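Participant: Following this line is start33.txt, made up of compact mmCIF, N, CA and C atoms:
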# COMPACT_ATOMS: atom_id res chain seq x y z
N MET X 1 -19.82 9.64 34.06
CA MET X 1 -19.35 9.09 32.81
C MET X 1 -20.01 7.73 32.59
N PRO X 2 -20.63 7.54 31.43
CA PRO X 2 -21.31 6.27 31.18
C PRO X 2 -20.32 5.12 31.02
N ARG X 3 -20.75 3.96 31.45
CA ARG X 3 -19.92 2.76 31.31
C ARG X 3 -19.97 2.28 29.88
N LEU X 4 -18.83 1.86 29.41
CA LEU X 4 -18.76 1.31 28.06
C LEU X 4 -19.02 -0.18 28.10
N LYS X 5 -19.79 -0.65 27.17
CA LYS X 5 -20.08 -2.07 27.09
C LYS X 5 -19.07 -2.71 26.14
N PRO X 6 -18.32 -3.69 26.62
CA PRO X 6 -17.34 -4.34 25.74
C PRO X 6 -18.04 -5.14 24.65
N ILE X 7 -17.40 -5.19 23.52
CA ILE X 7 -17.90 -5.99 22.40
C ILE X 7 -17.00 -7.20 22.27
N VAL X 8 -17.59 -8.37 22.24
CA VAL X 8 -16.83 -9.60 22.08
C VAL X 8 -16.99 -10.07 20.64
N ALA X 9 -15.88 -10.19 19.96
CA ALA X 9 -15.88 -10.67 18.58
C ALA X 9 -15.17 -12.02 18.56
N ARG X 10 -15.88 -13.03 18.17
CA ARG X 10 -15.31 -14.38 18.16
C ARG X 10 -14.68 -14.76 16.83
N THR X 11 -15.00 -14.04 15.80
CA THR X 11 -14.45 -14.33 14.47
C THR X 11 -13.98 -13.03 13.84
N PRO X 12 -13.10 -13.13 12.84
CA PRO X 12 -12.70 -11.91 12.12
C PRO X 12 -13.90 -11.19 11.50
N GLU X 13 -14.88 -11.95 11.06
CA GLU X 13 -16.07 -11.34 10.48
C GLU X 13 -16.83 -10.53 11.52
N ASP X 14 -16.95 -11.07 12.75
CA ASP X 14 -17.61 -10.35 13.84
C ASP X 14 -16.86 -9.07 14.19
N LEU X 15 -15.54 -9.14 14.22
CA LEU X 15 -14.73 -7.97 14.52
C LEU X 15 -14.90 -6.91 13.44
N ALA X 16 -14.87 -7.33 12.19
CA ALA X 16 -15.04 -6.38 11.09
C ALA X 16 -16.41 -5.71 11.18
N LYS X 17 -17.44 -6.48 11.46
CA LYS X 17 -18.79 -5.94 11.58
C LYS X 17 -18.87 -4.93 12.72
N ALA X 18 -18.27 -5.26 13.87
CA ALA X 18 -18.27 -4.35 15.03
C ALA X 18 -17.55 -3.05 14.72
N MET X 19 -16.56 -3.12 13.83
CA MET X 19 -15.79 -1.94 13.47
C MET X 19 -16.38 -1.22 12.26
N GLY X 20 -17.49 -1.74 11.72
CA GLY X 20 -18.12 -1.12 10.57
C GLY X 20 -17.41 -1.42 9.26
N LEU X 21 -16.66 -2.50 9.23
CA LEU X 21 -15.94 -2.87 8.01
C LEU X 21 -16.64 -4.04 7.33
N SER X 22 -16.24 -4.32 6.13
CA SER X 22 -16.86 -5.38 5.35
C SER X 22 -16.31 -6.75 5.72
N ALA X 23 -17.05 -7.77 5.34
CA ALA X 23 -16.59 -9.15 5.53
C ALA X 23 -15.34 -9.40 4.69
N ALA X 24 -15.23 -8.70 3.55
CA ALA X 24 -14.05 -8.85 2.71
C ALA X 24 -12.80 -8.37 3.44
N ALA X 25 -12.92 -7.30 4.22
CA ALA X 25 -11.79 -6.82 5.01
C ALA X 25 -11.38 -7.86 6.04
N ALA X 26 -12.35 -8.53 6.62
CA ALA X 26 -12.05 -9.58 7.60
C ALA X 26 -11.28 -10.71 6.94
N LYS X 27 -11.65 -11.08 5.73
CA LYS X 27 -10.95 -12.15 5.01
C LYS X 27 -9.52 -11.73 4.71
N GLU X 28 -9.33 -10.47 4.34
CA GLU X 28 -7.98 -9.98 4.07
C GLU X 28 -7.13 -10.06 5.34
N TRP X 29 -7.69 -9.70 6.48
CA TRP X 29 -6.97 -9.82 7.75
C TRP X 29 -6.55 -11.26 8.00
N GLN X 30 -7.48 -12.19 7.73
CA GLN X 30 -7.17 -13.60 7.95
C GLN X 30 -5.97 -14.04 7.11
N VAL X 31 -5.95 -13.64 5.86
CA VAL X 31 -4.85 -14.00 4.97
C VAL X 31 -3.55 -13.39 5.48
N GLN X 32 -3.58 -12.11 5.82
CA GLN X 32 -2.37 -11.43 6.29
C GLN X 32 -1.85 -12.06 7.58
N HIS X 33 -2.74 -12.38 8.49
CA HIS X 33 -2.30 -12.96 9.76
C HIS X 33 -1.77 -14.38 9.59
N ALA X 34 -2.32 -15.12 8.64
CA ALA X 34 -1.79 -16.46 8.35
C ALA X 34 -0.37 -16.33 7.79
N LEU X 35 -0.16 -15.38 6.88
CA LEU X 35 1.18 -15.15 6.33
C LEU X 35 2.14 -14.69 7.42
N LEU X 36 1.68 -13.80 8.29
CA LEU X 36 2.52 -13.29 9.37
C LEU X 36 2.91 -14.40 10.35
N ARG X 37 1.94 -15.24 10.72
CA ARG X 37 2.25 -16.36 11.63
C ARG X 37 3.33 -17.25 11.05
N ARG X 38 3.20 -17.57 9.77
CA ARG X 38 4.18 -18.45 9.12
C ARG X 38 5.54 -17.77 9.04
N LEU X 39 5.56 -16.47 8.71
CA LEU X 39 6.81 -15.72 8.64
C LEU X 39 7.51 -15.73 10.00
N LYS X 40 6.76 -15.51 11.07
CA LYS X 40 7.36 -15.49 12.41
C LYS X 40 7.97 -16.85 12.76
N LYS X 41 7.28 -17.93 12.39
CA LYS X 41 7.81 -19.27 12.66
C LYS X 41 9.12 -19.49 11.92
N ILE X 42 9.17 -19.06 10.66
CA ILE X 42 10.37 -19.23 9.85
C ILE X 42 11.52 -18.42 10.43
N VAL X 43 11.27 -17.18 10.79
CA VAL X 43 12.31 -16.31 11.35
C VAL X 43 12.86 -16.92 12.63
N HIS X 44 11.97 -17.42 13.48
CA HIS X 44 12.41 -18.03 14.74
C HIS X 44 13.21 -19.30 14.49
N LYS X 45 12.68 -20.16 13.62
CA LYS X 45 13.33 -21.45 13.33
C LYS X 45 14.71 -21.26 12.71
N GLU X 46 14.82 -20.32 11.77
CA GLU X 46 16.08 -20.13 11.05
C GLU X 46 16.98 -19.09 11.71
N LYS X 47 16.52 -18.51 12.82
CA LYS X 47 17.31 -17.53 13.58
C LYS X 47 17.84 -16.40 12.69
N LEU X 48 16.92 -15.81 11.93
CA LEU X 48 17.28 -14.75 11.00
C LEU X 48 17.22 -13.39 11.71
N THR X 49 18.10 -12.50 11.31
CA THR X 49 18.05 -11.14 11.85
C THR X 49 17.11 -10.31 10.98
N HIS X 50 16.61 -9.24 11.56
CA HIS X 50 15.73 -8.35 10.81
C HIS X 50 16.47 -7.73 9.63
N ALA X 51 17.75 -7.43 9.82
CA ALA X 51 18.55 -6.85 8.74
C ALA X 51 18.70 -7.83 7.59
N GLU X 52 18.93 -9.12 7.88
CA GLU X 52 19.05 -10.13 6.83
C GLU X 52 17.76 -10.24 6.02
N ILE X 53 16.65 -10.25 6.72
CA ILE X 53 15.36 -10.37 6.05
C ILE X 53 15.12 -9.15 5.17
N ALA X 54 15.37 -7.96 5.72
CA ALA X 54 15.14 -6.71 4.99
C ALA X 54 15.98 -6.64 3.72
N MET X 55 17.23 -7.03 3.82
CA MET X 55 18.12 -6.97 2.66
C MET X 55 17.60 -7.87 1.55
N GLY X 56 17.21 -9.07 1.90
CA GLY X 56 16.72 -10.01 0.89
C GLY X 56 15.40 -9.60 0.27
N ALA X 57 14.55 -8.96 1.07
CA ALA X 57 13.21 -8.59 0.61
C ALA X 57 13.16 -7.21 -0.04
N GLY X 58 14.25 -6.47 0.07
CA GLY X 58 14.28 -5.13 -0.53
C GLY X 58 13.43 -4.12 0.21
N THR X 59 13.42 -4.22 1.52
CA THR X 59 12.70 -3.26 2.35
C THR X 59 13.58 -2.87 3.52
N SER X 60 13.09 -2.02 4.40
CA SER X 60 13.93 -1.55 5.49
C SER X 60 13.86 -2.48 6.70
N ARG X 61 14.92 -2.46 7.50
CA ARG X 61 14.95 -3.24 8.73
C ARG X 61 13.85 -2.76 9.68
N THR X 62 13.63 -1.45 9.71
CA THR X 62 12.59 -0.88 10.57
C THR X 62 11.22 -1.45 10.21
N ARG X 63 10.98 -1.58 8.92
CA ARG X 63 9.69 -2.12 8.47
C ARG X 63 9.56 -3.59 8.85
N ILE X 64 10.62 -4.35 8.70
CA ILE X 64 10.60 -5.76 9.10
C ILE X 64 10.34 -5.88 10.60
N THR X 65 11.01 -5.06 11.39
CA THR X 65 10.81 -5.07 12.84
C THR X 65 9.35 -4.79 13.17
N ALA X 66 8.77 -3.79 12.53
CA ALA X 66 7.36 -3.47 12.77
C ALA X 66 6.46 -4.64 12.41
N ILE X 67 6.71 -5.24 11.26
CA ILE X 67 5.89 -6.38 10.82
C ILE X 67 5.98 -7.53 11.82
N LEU X 68 7.19 -7.86 12.25
CA LEU X 68 7.37 -8.98 13.18
C LEU X 68 6.86 -8.66 14.58
N ASN X 69 6.57 -7.38 14.83
CA ASN X 69 5.94 -6.96 16.09
C ASN X 69 4.43 -6.77 15.89
N ASP X 70 3.88 -7.39 14.85
CA ASP X 70 2.45 -7.41 14.55
C ASP X 70 1.88 -6.08 14.09
N ASP X 71 2.70 -5.16 13.65
CA ASP X 71 2.21 -3.89 13.13
C ASP X 71 2.08 -4.02 11.62
N ILE X 72 0.95 -4.55 11.18
CA ILE X 72 0.76 -4.77 9.74
C ILE X 72 -0.40 -3.94 9.19
N GLU X 73 -0.72 -2.86 9.89
CA GLU X 73 -1.84 -2.02 9.46
C GLU X 73 -1.64 -1.49 8.05
N HIS X 74 -0.43 -1.08 7.70
CA HIS X 74 -0.17 -0.53 6.38
C HIS X 74 0.73 -1.45 5.56
N VAL X 75 0.59 -2.75 5.77
CA VAL X 75 1.40 -3.74 5.06
C VAL X 75 0.48 -4.54 4.16
N SER X 76 0.86 -4.68 2.91
CA SER X 76 0.04 -5.45 1.97
C SER X 76 0.40 -6.93 2.05
N SER X 77 -0.54 -7.73 1.61
CA SER X 77 -0.27 -9.17 1.51
C SER X 77 0.86 -9.41 0.53
N ASP X 78 0.95 -8.57 -0.50
CA ASP X 78 2.03 -8.69 -1.49
C ASP X 78 3.40 -8.59 -0.83
N LEU X 79 3.56 -7.66 0.09
CA LEU X 79 4.85 -7.50 0.77
C LEU X 79 5.16 -8.73 1.61
N LEU X 80 4.17 -9.24 2.32
CA LEU X 80 4.41 -10.44 3.14
C LEU X 80 4.82 -11.61 2.25
N ILE X 81 4.18 -11.74 1.09
CA ILE X 81 4.52 -12.80 0.16
C ILE X 81 5.93 -12.58 -0.40
N ARG X 82 6.27 -11.34 -0.70
CA ARG X 82 7.63 -11.03 -1.20
C ARG X 82 8.68 -11.37 -0.15
N ILE X 83 8.41 -11.07 1.10
CA ILE X 83 9.36 -11.39 2.17
C ILE X 83 9.54 -12.90 2.27
N LEU X 84 8.43 -13.63 2.27
CA LEU X 84 8.52 -15.10 2.34
C LEU X 84 9.27 -15.65 1.13
N GLY X 85 9.00 -15.10 -0.04
CA GLY X 85 9.69 -15.53 -1.25
C GLY X 85 11.18 -15.29 -1.18
N SER X 86 11.57 -14.15 -0.60
CA SER X 86 13.00 -13.84 -0.50
C SER X 86 13.71 -14.78 0.46
N LEU X 87 12.93 -15.43 1.34
CA LEU X 87 13.51 -16.39 2.28
C LEU X 87 13.51 -17.81 1.71
N GLY X 88 13.04 -17.93 0.47
CA GLY X 88 13.05 -19.24 -0.19
C GLY X 88 11.77 -20.02 -0.04
N TYR X 89 10.68 -19.36 0.31
CA TYR X 89 9.40 -20.03 0.50
C TYR X 89 8.43 -19.61 -0.58
N ARG X 90 7.55 -20.53 -0.95
CA ARG X 90 6.52 -20.28 -1.93
C ARG X 90 5.18 -20.24 -1.21
N VAL X 91 4.35 -19.31 -1.56
CA VAL X 91 3.02 -19.20 -0.97
C VAL X 91 2.02 -19.79 -1.96
N ARG X 92 1.22 -20.72 -1.49
CA ARG X 92 0.17 -21.31 -2.31
C ARG X 92 -1.17 -20.79 -1.83
N VAL X 93 -2.06 -20.55 -2.75
CA VAL X 93 -3.38 -20.02 -2.43
C VAL X 93 -4.43 -21.06 -2.79
N SER X 94 -5.39 -21.21 -1.92
CA SER X 94 -6.49 -22.13 -2.17
C SER X 94 -7.79 -21.35 -2.05
N VAL X 95 -8.65 -21.52 -3.03
CA VAL X 95 -9.93 -20.83 -3.02
C VAL X 95 -11.01 -21.89 -3.02
N THR X 96 -11.90 -21.82 -2.03
CA THR X 96 -13.00 -22.76 -1.94
C THR X 96 -14.29 -22.00 -1.70
N ARG X 97 -15.36 -22.57 -2.17
CA ARG X 97 -16.68 -21.95 -1.98
C ARG X 97 -17.18 -22.29 -0.59
N VAL X 98 -17.72 -21.27 0.08
CA VAL X 98 -18.29 -21.46 1.40
C VAL X 98 -19.80 -21.46 1.24
N ASP X 99 -20.40 -22.57 1.57
CA ASP X 99 -21.87 -22.64 1.50
C ASP X 99 -22.43 -22.09 2.80
N THR X 100 -23.25 -21.06 2.67
CA THR X 100 -23.82 -20.44 3.86
C THR X 100 -25.25 -20.89 4.01
N VAL X 101 -25.69 -20.97 5.25
CA VAL X 101 -27.06 -21.34 5.54
C VAL X 101 -27.90 -20.08 5.47
N ALA X 102 -28.94 -20.10 4.67
CA ALA X 102 -29.78 -18.89 4.51
C ALA X 102 -30.80 -18.76 5.59
Rewrite the structure of this file - the entire thing - as structure tokens.
Facilitator:
Amino acid sequence: MPRLKPIVARTPEDLAKAMGLSAAAAKEWQVQHALLRRLKKIVHKEKLTHAEIAMGAGTSRTRITAILNDDIEHVSSDLLIRILGSLGYRVRVSVTRVDTVA
């Protein structure tokens, strides 16, 4: 059996490229993970139960549990924003141009 060579991805863009995905997909992952990190901090700080979060956000407790366990494969950024909004938080978006070296 041939040995597999591990691929090291240092950035979301590198990971997306290794997986055959676009740089845009990598950016979407970055946004979702930033939202998820903030959501986890809020849940921990405010000692919220998954049921409380689900009720306020209009989704299931099972889905909240999956999200807080980092299972966001089929979770939209919209849902993460809706959950944060239901907890009394506002999400602000900043768009800046990235100058790349050619």
Participant: Tell me which protein, DNA and RNA residues are within 8 Å of Leu36 of chain X, counting all atoms listed in the file, leaving out same-chain ones fewer than 6 positions away, and put them as number ranges by chain.
Facilitator: X: 30, 42, 67-68, 70, 80-81
Participant: Closest to Ser76 of chain X among X:Val31, X:Ala24, X:Met19, X:Ala9, using only C-alpha atoms?
Facilitator: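 Smallest separation from Ser76 of chain X among the options: X:Val31.
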Participant: Work out how far apart atom CA of Leu84 of chain X and atom N of Pro12 of chain X are and give it in Å to one decimal.
Facilitator: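 Computing it gives 24.1 Å between the two atoms.
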Participant: One decimal, in Å: what's the spacing between atom CA of Lys5 of chain X and atom CA of Asp71 of chain X?
Facilitator: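 One can read the atom CA of Lys5 of chain X to atom CA of Asp71 of chain X distance as 26.4 Å.
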Participant: Just to confirm, what's the straight-line distance from atom C of Ser86 of chain X to atom C of Ala57 of chain X in Å (one decimal)?
Facilitator: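 Here the two named atoms are 7.6 Å from each other.
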Participant: Which is closer to Ile53 of chain X than all the others in X:Ile83, X:Ile7, X:Ala66, X:Val98, using only N, CA and C atoms?
Facilitator: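 Closest to Ile53 of chain X, using only N, CA and C atoms: X:Ile83.
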Participant: Looking at X:Gly58, X:Glu13, X:Val43, X:Glu73, which one is nearest to Ala26 of chain X, with distances taken over only N, CA and C atoms?
Facilitator: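 Checking each of X:Gly58, X:Glu13, X:Val43, X:Glu73 against Ala26 of chain X, counting only N, CA and C atoms, the winner is X:Glu13.
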